[in-house]
file protein36.txt (compact mmCIF, C-alpha atoms)
# COMPACT_ATOMS: atom_id res chain seq x y z
CA MET A 27 -23.81 -54.39 -39.16
CA LEU A 28 -22.12 -57.05 -37.13
CA PHE A 29 -18.71 -56.76 -38.58
CA LYS A 30 -17.28 -53.82 -40.34
CA VAL A 31 -14.19 -54.30 -42.41
CA LYS A 32 -12.01 -51.32 -42.84
CA ARG A 33 -8.66 -50.90 -44.29
CA GLY A 34 -6.19 -51.25 -41.44
CA SER A 35 -8.78 -52.39 -38.94
CA SER A 36 -6.69 -54.05 -36.33
CA PRO A 37 -7.08 -57.72 -35.46
CA VAL A 38 -7.80 -58.80 -31.92
CA SER A 39 -4.95 -59.88 -29.65
CA PRO A 40 -4.07 -63.56 -30.15
CA ASP A 41 -4.37 -66.18 -27.47
CA THR A 42 -2.10 -68.60 -29.25
CA ILE A 43 1.02 -67.76 -31.24
CA LEU A 44 2.90 -70.12 -33.50
CA SER A 45 6.30 -68.55 -33.82
CA HIS A 46 8.27 -68.25 -37.04
CA LYS A 47 11.13 -70.23 -35.50
CA ASN A 48 9.09 -73.45 -35.46
CA GLU A 49 7.05 -75.62 -37.74
CA PHE A 50 3.67 -77.17 -36.99
CA SER A 51 1.63 -79.95 -38.39
CA GLY A 52 -1.65 -81.37 -37.19
CA THR A 53 -5.05 -80.12 -36.24
CA LEU A 54 -5.60 -76.88 -34.46
CA LYS A 55 -8.91 -76.58 -32.62
CA GLY A 56 -10.26 -74.22 -30.06
CA ASP A 57 -12.13 -71.07 -29.16
CA GLY A 58 -9.20 -68.65 -28.93
CA ASN A 59 -7.67 -66.33 -31.41
CA VAL A 60 -4.61 -67.71 -33.16
CA ARG A 61 -1.67 -66.08 -34.79
CA ILE A 62 0.50 -68.10 -37.10
CA ASP A 63 3.93 -66.85 -38.14
CA SER A 64 5.31 -70.26 -39.06
CA PRO A 65 4.84 -72.98 -41.61
CA PHE A 66 1.73 -74.99 -40.70
CA GLU A 67 0.37 -78.16 -42.17
CA GLY A 68 -2.88 -79.85 -41.25
CA GLU A 69 -6.30 -78.45 -40.34
CA ILE A 70 -7.53 -75.42 -38.44
CA ILE A 71 -10.97 -75.24 -36.87
CA ILE A 72 -11.39 -72.42 -34.42
CA ASP A 73 -14.19 -70.27 -33.10
CA GLY A 74 -12.04 -67.14 -33.00
CA GLU A 75 -9.90 -65.20 -35.38
CA LEU A 76 -7.03 -66.57 -37.42
CA PHE A 77 -4.21 -64.20 -38.14
CA VAL A 78 -1.53 -65.26 -40.58
CA GLY A 79 1.58 -63.10 -40.33
CA GLN A 80 3.83 -62.36 -43.28
CA ASP A 81 6.03 -65.33 -42.37
CA GLY A 82 3.07 -67.65 -42.02
CA ARG A 83 2.76 -70.48 -44.60
CA VAL A 84 -0.48 -72.30 -43.87
CA ASN A 85 -1.19 -75.42 -45.86
CA ALA A 86 -4.56 -76.44 -44.47
CA ASN A 87 -8.28 -76.11 -44.69
CA VAL A 88 -9.42 -73.32 -42.38
CA LYS A 89 -12.66 -72.78 -40.54
CA ALA A 90 -12.82 -69.67 -38.42
CA LYS A 91 -14.97 -66.66 -37.59
CA LYS A 92 -12.58 -64.27 -39.20
CA VAL A 93 -9.35 -64.66 -41.11
CA SER A 94 -6.68 -62.05 -41.74
CA VAL A 95 -3.92 -62.96 -44.13
CA PHE A 96 -0.54 -61.24 -44.50
CA GLY A 97 1.24 -64.45 -45.45
CA GLU A 98 -0.02 -67.39 -47.45
CA ILE A 99 -2.81 -69.92 -47.10
CA ARG A 100 -3.12 -72.95 -49.36
CA GLY A 101 -6.47 -74.61 -48.76
CA ASN A 102 -10.14 -73.90 -48.52
CA ILE A 103 -11.30 -71.22 -46.14
CA GLU A 104 -14.65 -70.86 -44.46
CA ALA A 105 -14.85 -67.59 -42.55
CA THR A 106 -18.31 -66.89 -41.17
CA GLU A 107 -17.67 -63.26 -40.51
CA GLY A 108 -15.05 -62.24 -42.94
CA LEU A 109 -11.84 -62.81 -44.85
CA VAL A 110 -9.33 -60.04 -45.22
CA ILE A 111 -6.40 -60.59 -47.59
CA HIS A 112 -3.90 -57.80 -47.04
CA ASN A 113 -1.54 -56.48 -49.71
CA SER A 114 1.18 -59.04 -48.97
CA GLY A 115 -1.32 -61.88 -48.51
CA LYS A 116 -1.88 -64.83 -50.83
CA VAL A 117 -4.75 -67.30 -50.76
CA PHE A 118 -4.88 -70.33 -53.00
CA GLY A 119 -8.17 -72.15 -52.56
CA ASP A 120 -11.89 -71.78 -52.44
CA VAL A 121 -13.33 -69.36 -49.93
CA LYS A 122 -16.72 -69.18 -48.24
CA VAL A 123 -17.10 -65.92 -46.50
CA GLY A 124 -19.58 -63.52 -44.97
CA ILE A 125 -17.56 -60.52 -46.09
CA LEU A 126 -14.59 -60.54 -48.42
CA PHE A 127 -11.92 -57.90 -48.55
CA VAL A 128 -8.95 -58.17 -50.88
CA ASP A 129 -6.36 -55.44 -50.70
CA GLU A 130 -4.46 -54.06 -53.63
CA GLY A 131 -1.62 -56.40 -54.56
CA ALA A 132 -3.16 -59.35 -52.74
CA VAL A 133 -3.62 -62.74 -54.42
CA LEU A 134 -6.76 -64.84 -54.37
CA GLU A 135 -6.87 -67.87 -56.62
CA GLY A 136 -9.98 -69.97 -56.25
CA LYS A 137 -13.72 -69.88 -56.12
CA SER A 138 -15.42 -67.54 -53.75
CA GLU A 139 -18.84 -68.04 -52.27
CA MET A 140 -20.71 -65.66 -50.03
CA LEU A 141 -22.38 -66.99 -46.91
CA ARG A 142 -25.84 -65.61 -46.38
CA SER A 143 -27.61 -65.90 -43.13
CA MET B 16 4.07 -60.08 -8.02
CA PRO B 17 7.38 -61.96 -8.22
CA LYS B 18 8.90 -63.78 -5.32
CA ARG B 19 12.37 -62.74 -6.32
CA LEU B 20 13.62 -59.86 -8.41
CA ASN B 21 15.84 -62.34 -10.30
CA ASP B 22 12.80 -64.04 -11.87
CA GLU B 23 12.62 -63.31 -15.55
CA ILE B 24 9.73 -62.47 -17.83
CA THR B 25 9.40 -62.27 -21.60
CA PHE B 26 7.93 -59.49 -23.62
CA MET B 27 6.74 -60.36 -27.10
CA ILE B 28 6.05 -57.73 -29.71
CA LEU B 29 3.46 -58.77 -32.28
CA PRO B 30 3.16 -56.23 -35.07
CA HIS B 31 -0.44 -56.09 -36.18
CA SER B 32 0.87 -55.21 -39.58
CA GLY B 33 1.75 -58.91 -39.93
CA HIS B 34 5.48 -58.36 -39.65
CA THR B 35 7.71 -60.89 -37.88
CA PRO B 36 7.16 -60.83 -34.17
CA PHE B 37 10.06 -60.57 -31.76
CA SER B 38 10.46 -61.18 -28.09
CA PHE B 39 12.83 -60.21 -25.31
CA LYS B 40 13.19 -61.07 -21.68
CA MET B 41 14.20 -59.23 -18.59
CA SER B 42 14.24 -59.87 -14.89
CA TRP B 43 11.63 -58.33 -12.63
CA GLY B 44 14.43 -56.40 -10.96
CA VAL B 45 15.40 -54.71 -14.20
CA LEU B 46 11.73 -54.07 -15.00
CA VAL B 47 11.10 -52.59 -11.59
CA PHE B 48 14.29 -50.55 -11.92
CA CYS B 49 13.31 -49.30 -15.36
CA LEU B 50 9.78 -48.52 -14.25
CA THR B 51 11.13 -46.71 -11.21
CA ILE B 52 13.49 -44.68 -13.37
CA LEU B 53 10.66 -43.95 -15.74
CA PHE B 54 8.35 -43.01 -12.88
CA PHE B 55 10.81 -40.65 -11.28
CA GLY B 56 11.80 -39.32 -14.68
CA ALA B 57 8.20 -38.52 -15.41
CA LEU B 58 7.80 -37.10 -11.95
CA PHE B 59 10.86 -34.94 -12.52
CA VAL B 60 9.58 -33.73 -15.86
CA VAL B 61 6.14 -32.93 -14.48
CA GLY B 62 7.66 -31.34 -11.39
CA THR B 63 9.97 -29.23 -13.53
CA PHE B 64 7.04 -28.17 -15.63
CA PHE B 65 5.06 -27.00 -12.63
CA PHE B 66 8.13 -25.46 -11.05
CA ALA B 67 8.74 -23.53 -14.25
CA LEU B 68 5.13 -22.42 -14.20
CA SER B 69 5.38 -21.22 -10.63
CA VAL B 70 8.72 -19.54 -11.33
CA ASN B 71 7.13 -17.84 -14.28
CA SER B 72 4.26 -16.55 -12.18
CA LYS B 73 6.72 -15.55 -9.47
CA LEU B 74 8.75 -13.76 -12.10
CA SER B 75 5.77 -11.66 -13.07
CA ASP B 76 5.13 -11.09 -9.36
CA TYR B 77 8.74 -10.06 -9.06
CA GLN B 78 8.36 -7.58 -11.88
CA ILE B 79 5.28 -6.12 -10.20
CA VAL B 80 7.03 -5.98 -6.86
CA LYS B 81 10.04 -4.39 -8.50
CA SER B 82 8.03 -1.61 -10.08
CA GLN B 83 6.10 -1.17 -6.83
CA ASN B 84 9.36 -0.95 -4.99
CA ALA B 85 10.66 1.69 -7.38
CA ARG B 86 7.49 3.69 -6.86
CA GLN B 87 7.76 3.30 -3.11
CA VAL B 88 11.37 4.41 -3.12
CA GLU B 89 10.23 7.54 -4.88
CA GLU B 90 7.42 7.97 -2.36
CA ILE B 91 9.85 7.52 0.51
CA ARG B 92 12.07 10.17 -1.01
CA GLN B 93 9.11 12.53 -1.27
CA LEU B 94 8.14 11.72 2.31
CA LYS B 95 11.66 12.47 3.39
CA ILE B 96 11.59 15.86 1.68
CA GLU B 97 8.16 16.49 3.17
CA SER B 98 9.27 15.60 6.68
CA GLU B 99 12.39 17.73 6.32
CA SER B 100 10.31 20.73 5.32
CA LEU B 101 7.89 19.97 8.15
CA LYS B 102 10.76 20.02 10.59
CA LYS B 103 11.97 23.32 9.17
CA ASP B 104 8.48 24.81 9.43
CA LEU B 105 8.22 23.58 12.98
CA LYS B 106 11.54 25.11 13.83
CA ARG B 107 10.46 28.44 12.40
CA LEU B 108 7.17 28.18 14.25
CA SER B 109 8.93 27.56 17.52
CA ASP B 110 11.26 30.51 16.90
CA GLU B 111 8.30 32.74 16.16
CA GLU B 112 6.58 31.49 19.27
CA ARG B 113 9.59 32.32 21.38
CA GLU B 114 9.63 35.82 19.92
CA LEU B 115 5.90 36.16 20.55
CA ARG B 116 6.39 35.09 24.14
CA SER B 117 9.13 37.60 24.72
CA ASN B 118 7.06 40.33 23.06
CA LEU B 119 4.03 39.55 25.17
CA GLY B 120 6.15 39.13 28.28
CA ILE B 121 4.95 35.55 28.78
CA PRO B 122 7.55 33.29 30.39
CA GLU B 123 8.65 30.01 28.74
CA PRO B 124 6.38 27.07 29.58
CA SER B 125 6.79 25.14 32.82
CA ASP B 126 9.90 23.06 33.56
CA SER B 127 8.86 19.64 32.31
CA THR B 128 7.56 20.85 28.97
CA SER B 129 10.46 23.18 28.40
CA LYS B 130 12.86 20.35 29.19
CA ALA B 131 11.07 18.08 26.76
CA LYS B 132 11.10 20.88 24.26
CA SER B 133 14.82 21.43 24.59
CA ASP B 134 15.38 17.68 24.22
CA LYS B 135 13.26 17.64 21.12
CA SER B 136 14.86 20.69 19.66
CA SER B 137 18.27 19.12 20.16
CA SER B 138 17.13 15.99 18.38
CA ILE B 139 15.50 17.96 15.62
CA GLU B 140 18.85 19.40 14.58
CA GLY B 141 20.27 15.98 13.76
CA ILE B 142 18.68 12.55 13.71
CA ASN B 143 18.80 10.96 17.12
CA PRO B 144 20.76 7.73 16.53
CA ILE B 145 19.31 5.97 19.58
CA GLY B 146 15.80 6.80 18.47
CA SER B 147 16.25 5.35 15.00
CA GLU B 148 17.91 2.26 16.43
CA GLU B 149 14.98 1.70 18.74
CA MET B 150 12.65 2.17 15.84
CA GLY B 151 14.63 -0.39 13.83
CA ASN B 152 14.41 -2.92 16.67
CA LEU B 153 10.73 -2.27 17.00
CA PHE B 154 9.94 -2.81 13.35
CA GLY B 155 12.46 -5.59 12.66
CA VAL B 156 16.05 -5.40 11.53
CA SER B 157 15.12 -5.51 7.85
CA MET B 158 13.34 -2.17 8.03
CA ASP B 159 14.49 0.41 5.55
CA PRO B 160 16.69 2.86 7.48
CA ARG B 161 15.33 5.74 5.40
CA LEU B 162 11.84 4.77 6.49
CA ALA B 163 13.04 4.52 10.08
CA ASN B 164 14.44 8.03 9.80
CA ILE B 165 11.20 9.35 8.42
CA LYS B 166 9.18 7.60 11.11
CA ASN B 167 11.54 9.01 13.68
CA ASP B 168 11.22 12.48 12.19
CA LEU B 169 7.47 12.20 12.05
CA SER B 170 7.21 11.10 15.66
CA ILE B 171 9.42 14.04 16.64
CA VAL B 172 7.22 16.36 14.60
CA ARG B 173 4.12 14.88 16.22
CA THR B 174 5.36 15.38 19.78
CA GLN B 175 6.68 18.81 18.88
CA LEU B 176 3.36 19.74 17.38
CA SER B 177 1.43 18.67 20.46
CA SER B 178 3.76 20.60 22.74
CA ARG B 179 3.51 23.62 20.39
CA GLU B 180 -0.25 23.31 20.49
CA ARG B 181 -0.31 23.29 24.28
CA SER B 182 2.08 26.22 24.35
CA PHE B 183 0.02 28.22 21.88
CA LEU B 184 -3.13 27.52 23.86
CA GLN B 185 -1.44 28.93 26.93
CA ILE B 186 -0.20 31.93 24.97
CA SER B 187 -3.64 32.63 23.57
CA GLN B 188 -5.21 32.47 27.04
CA ILE B 189 -2.57 34.73 28.48
CA ALA B 190 -2.81 37.02 25.48
CA LYS B 191 -6.57 37.33 25.93
CA ARG B 192 -6.06 38.32 29.55
CA LYS B 193 -3.28 40.67 28.57
CA ILE B 194 -5.35 42.33 25.88
CA ASN B 195 -8.04 43.13 28.47
CA GLU B 196 -5.41 44.23 30.90
CA TYR B 197 -3.52 46.28 28.34
CA ALA B 198 -6.69 48.03 27.24
CA SER B 199 -6.92 49.46 30.70
CA PHE B 200 -3.49 51.09 30.52
CA PRO B 201 -3.86 54.82 29.70
CA THR B 202 -1.79 54.69 26.52
CA GLY B 203 -4.28 56.66 24.41
CA PHE B 204 -4.35 60.37 23.59
CA PRO B 205 -7.03 62.51 25.30
CA ALA B 206 -8.13 64.74 22.41
CA ASP B 207 -7.61 65.46 18.72
CA GLY B 208 -5.43 68.48 19.21
CA VAL B 209 -1.90 69.75 19.65
CA ILE B 210 0.18 69.68 22.80
CA THR B 211 0.66 73.28 23.95
CA SER B 212 2.32 72.52 27.24
CA TYR B 213 4.39 69.59 28.41
CA PHE B 214 4.95 67.97 31.79
CA GLY B 215 7.56 69.49 34.09
CA TYR B 216 8.98 72.87 35.08
CA ARG B 217 7.75 75.75 32.97
CA PRO B 218 10.11 78.78 33.05
CA ALA B 219 7.48 80.94 31.33
CA PHE B 220 5.04 80.46 34.18
CA GLY B 221 7.62 79.67 36.83
CA ASP B 222 5.69 76.62 37.99
CA PHE B 223 5.73 72.83 37.83
CA HIS B 224 3.23 71.54 35.33
CA PRO B 225 1.90 68.13 36.52
CA GLY B 226 0.44 67.09 33.12
CA ILE B 227 0.12 68.06 29.48
CA ASP B 228 -2.20 70.50 27.78
CA VAL B 229 -3.88 69.47 24.51
CA ALA B 230 -5.51 72.39 22.78
CA THR B 231 -8.32 72.17 20.25
CA SER B 232 -11.58 73.93 19.48
CA TYR B 233 -14.15 74.52 22.20
CA GLY B 234 -16.64 71.64 22.57
CA SER B 235 -14.44 69.04 20.90
CA PRO B 236 -14.67 65.58 22.47
CA ILE B 237 -12.28 64.36 25.13
CA TYR B 238 -11.53 60.67 25.00
CA ALA B 239 -10.73 58.15 27.71
CA THR B 240 -7.10 57.14 27.20
CA GLY B 241 -7.73 53.61 28.56
CA ASP B 242 -10.44 51.30 29.90
CA GLY B 243 -11.51 52.13 33.40
CA VAL B 244 -14.18 53.38 35.80
CA VAL B 245 -15.18 57.03 36.21
CA VAL B 246 -14.48 57.86 39.84
CA PHE B 247 -15.05 61.60 39.65
CA ALA B 248 -16.97 63.96 37.40
CA GLY B 249 -17.45 67.45 38.76
CA TRP B 250 -15.78 70.68 39.90
CA TYR B 251 -12.33 69.67 41.03
CA LEU B 252 -10.08 71.81 43.22
CA SER B 253 -9.93 75.48 42.35
CA GLY B 254 -7.99 75.77 39.11
CA TYR B 255 -9.07 72.46 37.39
CA GLY B 256 -12.64 73.48 36.80
CA MET B 257 -14.95 70.71 35.59
CA THR B 258 -12.89 67.55 35.72
CA VAL B 259 -13.27 63.81 35.00
CA ILE B 260 -11.10 61.29 36.83
CA ILE B 261 -10.85 57.70 35.60
CA ASP B 262 -9.37 54.81 37.59
CA HIS B 263 -7.68 52.30 35.24
CA GLY B 264 -6.48 49.84 37.84
CA ASN B 265 -2.84 48.81 38.23
CA GLY B 266 -2.38 52.06 40.14
CA TYR B 267 -3.18 54.29 37.17
CA GLU B 268 -5.56 57.28 37.32
CA THR B 269 -6.06 59.91 34.62
CA ILE B 270 -7.43 63.41 35.06
CA TYR B 271 -9.13 65.45 32.32
CA ALA B 272 -9.61 69.10 33.41
CA HIS B 273 -11.15 72.40 32.13
CA ASP B 274 -14.11 70.53 30.54
CA SER B 275 -17.22 72.32 29.33
CA ALA B 276 -19.55 69.36 29.78
CA PHE B 277 -19.49 65.69 30.82
CA ALA B 278 -20.55 62.68 28.76
CA VAL B 279 -20.24 60.17 31.61
CA ARG B 280 -21.39 59.72 35.19
CA VAL B 281 -19.46 58.63 38.25
CA GLY B 282 -19.25 54.85 38.47
CA GLN B 283 -19.62 54.37 34.72
CA ARG B 284 -17.28 51.91 32.95
CA VAL B 285 -15.57 53.44 29.94
CA LYS B 286 -13.55 52.04 27.07
CA ARG B 287 -10.46 53.53 25.55
CA GLY B 288 -11.47 56.14 22.97
CA GLU B 289 -14.91 56.63 24.46
CA VAL B 290 -16.02 60.28 24.70
CA ILE B 291 -16.13 61.25 28.36
CA ALA B 292 -16.33 65.05 28.21
CA TYR B 293 -15.96 68.12 25.97
CA ILE B 294 -13.26 70.79 25.76
CA GLY B 295 -14.03 73.87 27.78
CA LEU B 296 -12.67 76.86 29.66
CA THR B 297 -13.60 76.02 33.25
CA GLY B 298 -10.98 76.68 35.94
CA PHE B 299 -7.80 78.66 35.34
CA THR B 300 -7.25 78.49 31.63
CA THR B 301 -5.99 80.75 28.88
CA GLY B 302 -7.84 79.01 26.04
CA PRO B 303 -9.88 75.94 25.21
CA HIS B 304 -7.77 72.88 26.03
CA VAL B 305 -7.81 69.74 28.14
CA HIS B 306 -5.34 69.48 30.97
CA TYR B 307 -4.37 65.80 31.12
CA GLU B 308 -2.61 64.20 34.09
CA VAL B 309 -1.57 60.62 34.75
CA HIS B 310 -1.17 59.39 38.30
CA HIS B 311 0.58 56.18 39.15
CA TYR B 312 -0.12 55.04 42.72
CA GLY B 313 -0.88 58.67 43.66
CA ARG B 314 2.26 60.08 42.08
CA THR B 315 2.05 62.33 39.03
CA ILE B 316 4.08 60.96 36.15
CA ASN B 317 4.85 62.35 32.72
CA PRO B 318 1.85 61.43 30.50
CA MET B 319 4.23 61.27 27.50
CA SER B 320 5.90 58.26 29.13
CA VAL B 321 2.69 56.23 28.85
CA ILE B 322 1.06 57.66 25.71
CA GLY B 323 1.68 55.18 22.89
CA ALA B 324 3.74 52.93 25.15
CA ASN B 325 3.76 49.15 25.00
CA PRO B 326 1.67 48.11 28.02
CA ALA B 327 3.87 45.02 28.45
CA GLU B 328 6.79 47.34 29.26
CA LEU B 329 4.94 49.49 31.81
call {"tool": "encode", "arguments": {"input": "protein36.txt", "output": "structure tokens"}}
result
Amino acid sequence: MLFKVKRGSSPVSPDTILSHKNEFSGTLKGDGNVRIDSPFEGEIIIDGELFVGQDGRVNANVKAKKVSVFGEIRGNIEATEGLVIHNSGKVFGDVKVGILFVDEGAVLEGKSEMLRS
Amino acid sequence: MPKRLNDEITFMILPHSGHTPFSFKMSWGVLVFCLTILFFGALFVVGTFFFALSVNSKLSDYQIVKSQNARQVEEIRQLKIESESLKKDLKRLSDEERELRSNLGIPEPSDSTSKAKSDKSSSIEGINPIGSEEMGNLFGVSMDPRLANIKNDLSIVRTQLSSRERSFLQISQIAKRKINEYASFPTGFPADGVITSYFGYRPAFGDFHPGIDVATSYGSPIYATGDGVVVFAGWYLSGYGMTVIIDHGNGYETIYAHDSAFAVRVGQRVKRGEVIAYIGLTGFTTGPHVHYEVHHYGRTINPMSVIGANPAEL
């Protein structure tokens, strides 16, 4: 198996951090891993992992290898490897994922579609 | 690495649980200082740990050494007692030897040994302080004085023993010679009988009797009174009848008269107690007896003065 989701499996270290003291809007593109702890508005297309901390408020369509959510994402998500919504996480939008994991207490409102290779 | 220790760096803590990250900054100097403190702290802790380990092992060593020491103290005490008793035995031995020497008539050993002996016997009474001090210097100042005493005692005992050994060897050689020599003294009794006439003036006969008469039954054996050589066996003078004369050396000659027969020939070596002749009635005699005379350098002496005497005192 390429990617094994476990409860508490730790995300990789981020290359880019958007701090909770700032706000961002625009398009985020790149190969690195990103951690967002701030409000964000726009579009995210990355080849790495997106990590949304509990302070993160992402209002964008997301395309990434893997997405971990502790905060909130409003928008459609396409995660080729997997989407993990932790217990404090909220996702409002349609998701297209290789693997989907939704923890107890997490919120997912939208259609879900599994990507098959 | 930083150019200056005042340059600052930021540490950011990103909880992977998704909680709010936080960051703090510090200068390289502080970091280096903290790391140094940490390093030496860790070093101290590790060092203390190993030190404690080594102390622990040393402590067990110490316990072993302590018990060993207690045992050795006991052993030293035993050794001390042993060496004391050895010294006492040696003292007794040397006293006995002195007595033996005086009994045998052997003089004390030559000057050097006797001097050494007197030195030793003076030091055997009390511990020679100079000796023990020397011993202490030789074996280091830390040496147990009790051990030094014992070593001192033992060395005294050793030298004493070797001098005793030499002395006893001399005594035994002299004694061997003396035993041979003494055997030749005519201290024996000539026959198994009773003395009927003593040496000296006899009022009954009105003459001077030059020997003793020992009367017993006819044909009883007559014994040589000491080792010697038979120098005469035949008819002697007019009144003696058949007579044996033995030369014992050291000026002693014995004469056995009135014999009935001889058991030895002239020139024969005889031992004390050996039968040389038999009681008879030859010569002028009133009954079967042996007339026994002792001559010392040609002079007649009282046989009673040599019979049973200690040869060393003759």
call {"tool": "residues_near_point", "arguments": {"input": "protein36.txt", "point": "(-8.1, -73.0, -29.2)", "cutoff": "12 Å", "atoms": "all atoms listed in the file", "output": "PyMOL selection string"}}
result
chain A and resi 40-43+53-61+70-76+90
call {"tool": "closest_residue", "arguments": {"input": "protein36.txt", "among": "B:Ala230, B:Pro236, B:Thr35, B:Ser42", "to": "A:Lys47", "atoms": "all atoms listed in the file"}}
result
B:Thr35
call {"tool": "axis_aligned_box", "arguments": {"input": "protein36.txt", "around": "stretch 119-131 of chain A", "padding_each_side": "4 Å", "output": "JSON"}}
result
{"center_x": -10.6, "center_y": -63.1, "center_z": -49.8, "size_x": 26.0, "size_y": 26.1, "size_z": 17.6}
call {"tool": "atom_distance", "arguments": {"input": "protein36.txt", "atom1": "atom CA of A:Gly136", "atom2": "atom CA of A:Gly101"}}
result
9.5 Å
call {"tool": "atom_distance", "arguments": {"input": "protein36.txt", "atom1": "atom CA of A:Gly115", "atom2": "atom CA of A:Asn102"}}
result
14.9 Å
call {"tool": "interface_residues", "arguments": {"input": "protein36.txt", "of": "chain A", "to": "chain B", "cutoff": "10 Å", "atoms": "all atoms listed in the file", "output": "PDB file with C-alpha atoms, in the coordinates of the input"}}
result
ATOM      1  CA  GLY A  34      -6.190 -51.250 -41.440  1.00  0.00           C
ATOM      2  CA  SER A  35      -8.780 -52.390 -38.940  1.00  0.00           C
ATOM      3  CA  SER A  36      -6.690 -54.050 -36.330  1.00  0.00           C
ATOM      4  CA  PRO A  37      -7.080 -57.720 -35.460  1.00  0.00           C
ATOM      5  CA  VAL A  38      -7.800 -58.800 -31.920  1.00  0.00           C
ATOM      6  CA  SER A  39      -4.950 -59.880 -29.650  1.00  0.00           C
ATOM      7  CA  PRO A  40      -4.070 -63.560 -30.150  1.00  0.00           C
ATOM      8  CA  ILE A  43       1.020 -67.760 -31.240  1.00  0.00           C
ATOM      9  CA  SER A  45       6.300 -68.550 -33.820  1.00  0.00           C
ATOM     10  CA  HIS A  46       8.270 -68.250 -37.040  1.00  0.00           C
ATOM     11  CA  ARG A  61      -1.670 -66.080 -34.790  1.00  0.00           C
ATOM     12  CA  ILE A  62       0.500 -68.100 -37.100  1.00  0.00           C
ATOM     13  CA  ASP A  63       3.930 -66.850 -38.140  1.00  0.00           C
ATOM     14  CA  SER A  64       5.310 -70.260 -39.060  1.00  0.00           C
ATOM     15  CA  PHE A  77      -4.210 -64.200 -38.140  1.00  0.00           C
ATOM     16  CA  VAL A  78      -1.530 -65.260 -40.580  1.00  0.00           C
ATOM     17  CA  GLY A  79       1.580 -63.100 -40.330  1.00  0.00           C
ATOM     18  CA  GLN A  80       3.830 -62.360 -43.280  1.00  0.00           C
ATOM     19  CA  ASP A  81       6.030 -65.330 -42.370  1.00  0.00           C
ATOM     20  CA  GLY A  82       3.070 -67.650 -42.020  1.00  0.00           C
ATOM     21  CA  SER A  94      -6.680 -62.050 -41.740  1.00  0.00           C
ATOM     22  CA  VAL A  95      -3.920 -62.960 -44.130  1.00  0.00           C
ATOM     23  CA  PHE A  96      -0.540 -61.240 -44.500  1.00  0.00           C
ATOM     24  CA  GLY A  97       1.240 -64.450 -45.450  1.00  0.00           C
ATOM     25  CA  HIS A 112      -3.900 -57.800 -47.040  1.00  0.00           C
ATOM     26  CA  SER A 114       1.180 -59.040 -48.970  1.00  0.00           C
ATOM     27  CA  GLY A 115      -1.320 -61.880 -48.510  1.00  0.00           C
TER      28      GLY A 115
END
call {"tool": "atom_distance", "arguments": {"input": "protein36.txt", "atom1": "atom CA of B:Ala248", "atom2": "atom CA of B:Tyr293"}}
result
12.2 Å
call {"tool": "closest_residue", "arguments": {"input": "protein36.txt", "among": "A:Leu44, A:Leu141, A:Leu134, A:Val84", "to": "A:Ile111", "atoms": "only C-alpha atoms"}}
result
A:Leu134
call {"tool": "closest_residue", "arguments": {"input": "protein36.txt", "among": "B:Leu108, B:Tyr77, B:Lys102, B:Arg86", "to": "B:Arg179", "atoms": "all atoms listed in the file"}}
result
B:Leu108
call {"tool": "residues_around", "arguments": {"input": "protein36.txt", "residues": "stretch 281-292 of chain B", "least_positions_apart": "6", "cutoff": "8 Å", "atoms": "only C-alpha atoms", "output": "PDB file with C-alpha atoms, in the coordinates of the input"}}
result
ATOM      1  CA  ALA B 198      -6.690  48.030  27.240  1.00  0.00           C
ATOM      2  CA  SER B 199      -6.920  49.460  30.700  1.00  0.00           C
ATOM      3  CA  PRO B 201      -3.860  54.820  29.700  1.00  0.00           C
ATOM      4  CA  GLY B 203      -4.280  56.660  24.410  1.00  0.00           C
ATOM      5  CA  PRO B 236     -14.670  65.580  22.470  1.00  0.00           C
ATOM      6  CA  ILE B 237     -12.280  64.360  25.130  1.00  0.00           C
ATOM      7  CA  TYR B 238     -11.530  60.670  25.000  1.00  0.00           C
ATOM      8  CA  ALA B 239     -10.730  58.150  27.710  1.00  0.00           C
ATOM      9  CA  THR B 240      -7.100  57.140  27.200  1.00  0.00           C
ATOM     10  CA  GLY B 241      -7.730  53.610  28.560  1.00  0.00           C
ATOM     11  CA  ASP B 242     -10.440  51.300  29.900  1.00  0.00           C
ATOM     12  CA  GLY B 243     -11.510  52.130  33.400  1.00  0.00           C
ATOM     13  CA  VAL B 244     -14.180  53.380  35.800  1.00  0.00           C
ATOM     14  CA  VAL B 245     -15.180  57.030  36.210  1.00  0.00           C
ATOM     15  CA  VAL B 246     -14.480  57.860  39.840  1.00  0.00           C
ATOM     16  CA  PHE B 247     -15.050  61.600  39.650  1.00  0.00           C
ATOM     17  CA  ALA B 248     -16.970  63.960  37.400  1.00  0.00           C
ATOM     18  CA  VAL B 259     -13.270  63.810  35.000  1.00  0.00           C
ATOM     19  CA  ASP B 274     -14.110  70.530  30.540  1.00  0.00           C
ATOM     20  CA  SER B 275     -17.220  72.320  29.330  1.00  0.00           C
TER      21      SER B 275
END
call {"tool": "residues_around", "arguments": {"input": "protein36.txt", "residues": "stretch 295-311 of chain B", "least_positions_apart": "3", "cutoff": "9 Å", "atoms": "only C-alpha atoms", "output": "PyMOL selection string"}}
result
chain B and resi 201+205-206+208+211+214+225-235+237+250-258+265-276+314-318+321
call {"tool": "residues_around", "arguments": {"input": "protein36.txt", "residues": "stretch 20-25 of chain B", "least_positions_apart": "5", "cutoff": "10 Å", "atoms": "all atoms listed in the file", "output": "list in words"}}
result
Ser38, Phe39, Lys40, Met41, Ser42, Trp43, Gly44, Val45, Leu46, Val47 and Phe48 of chain B
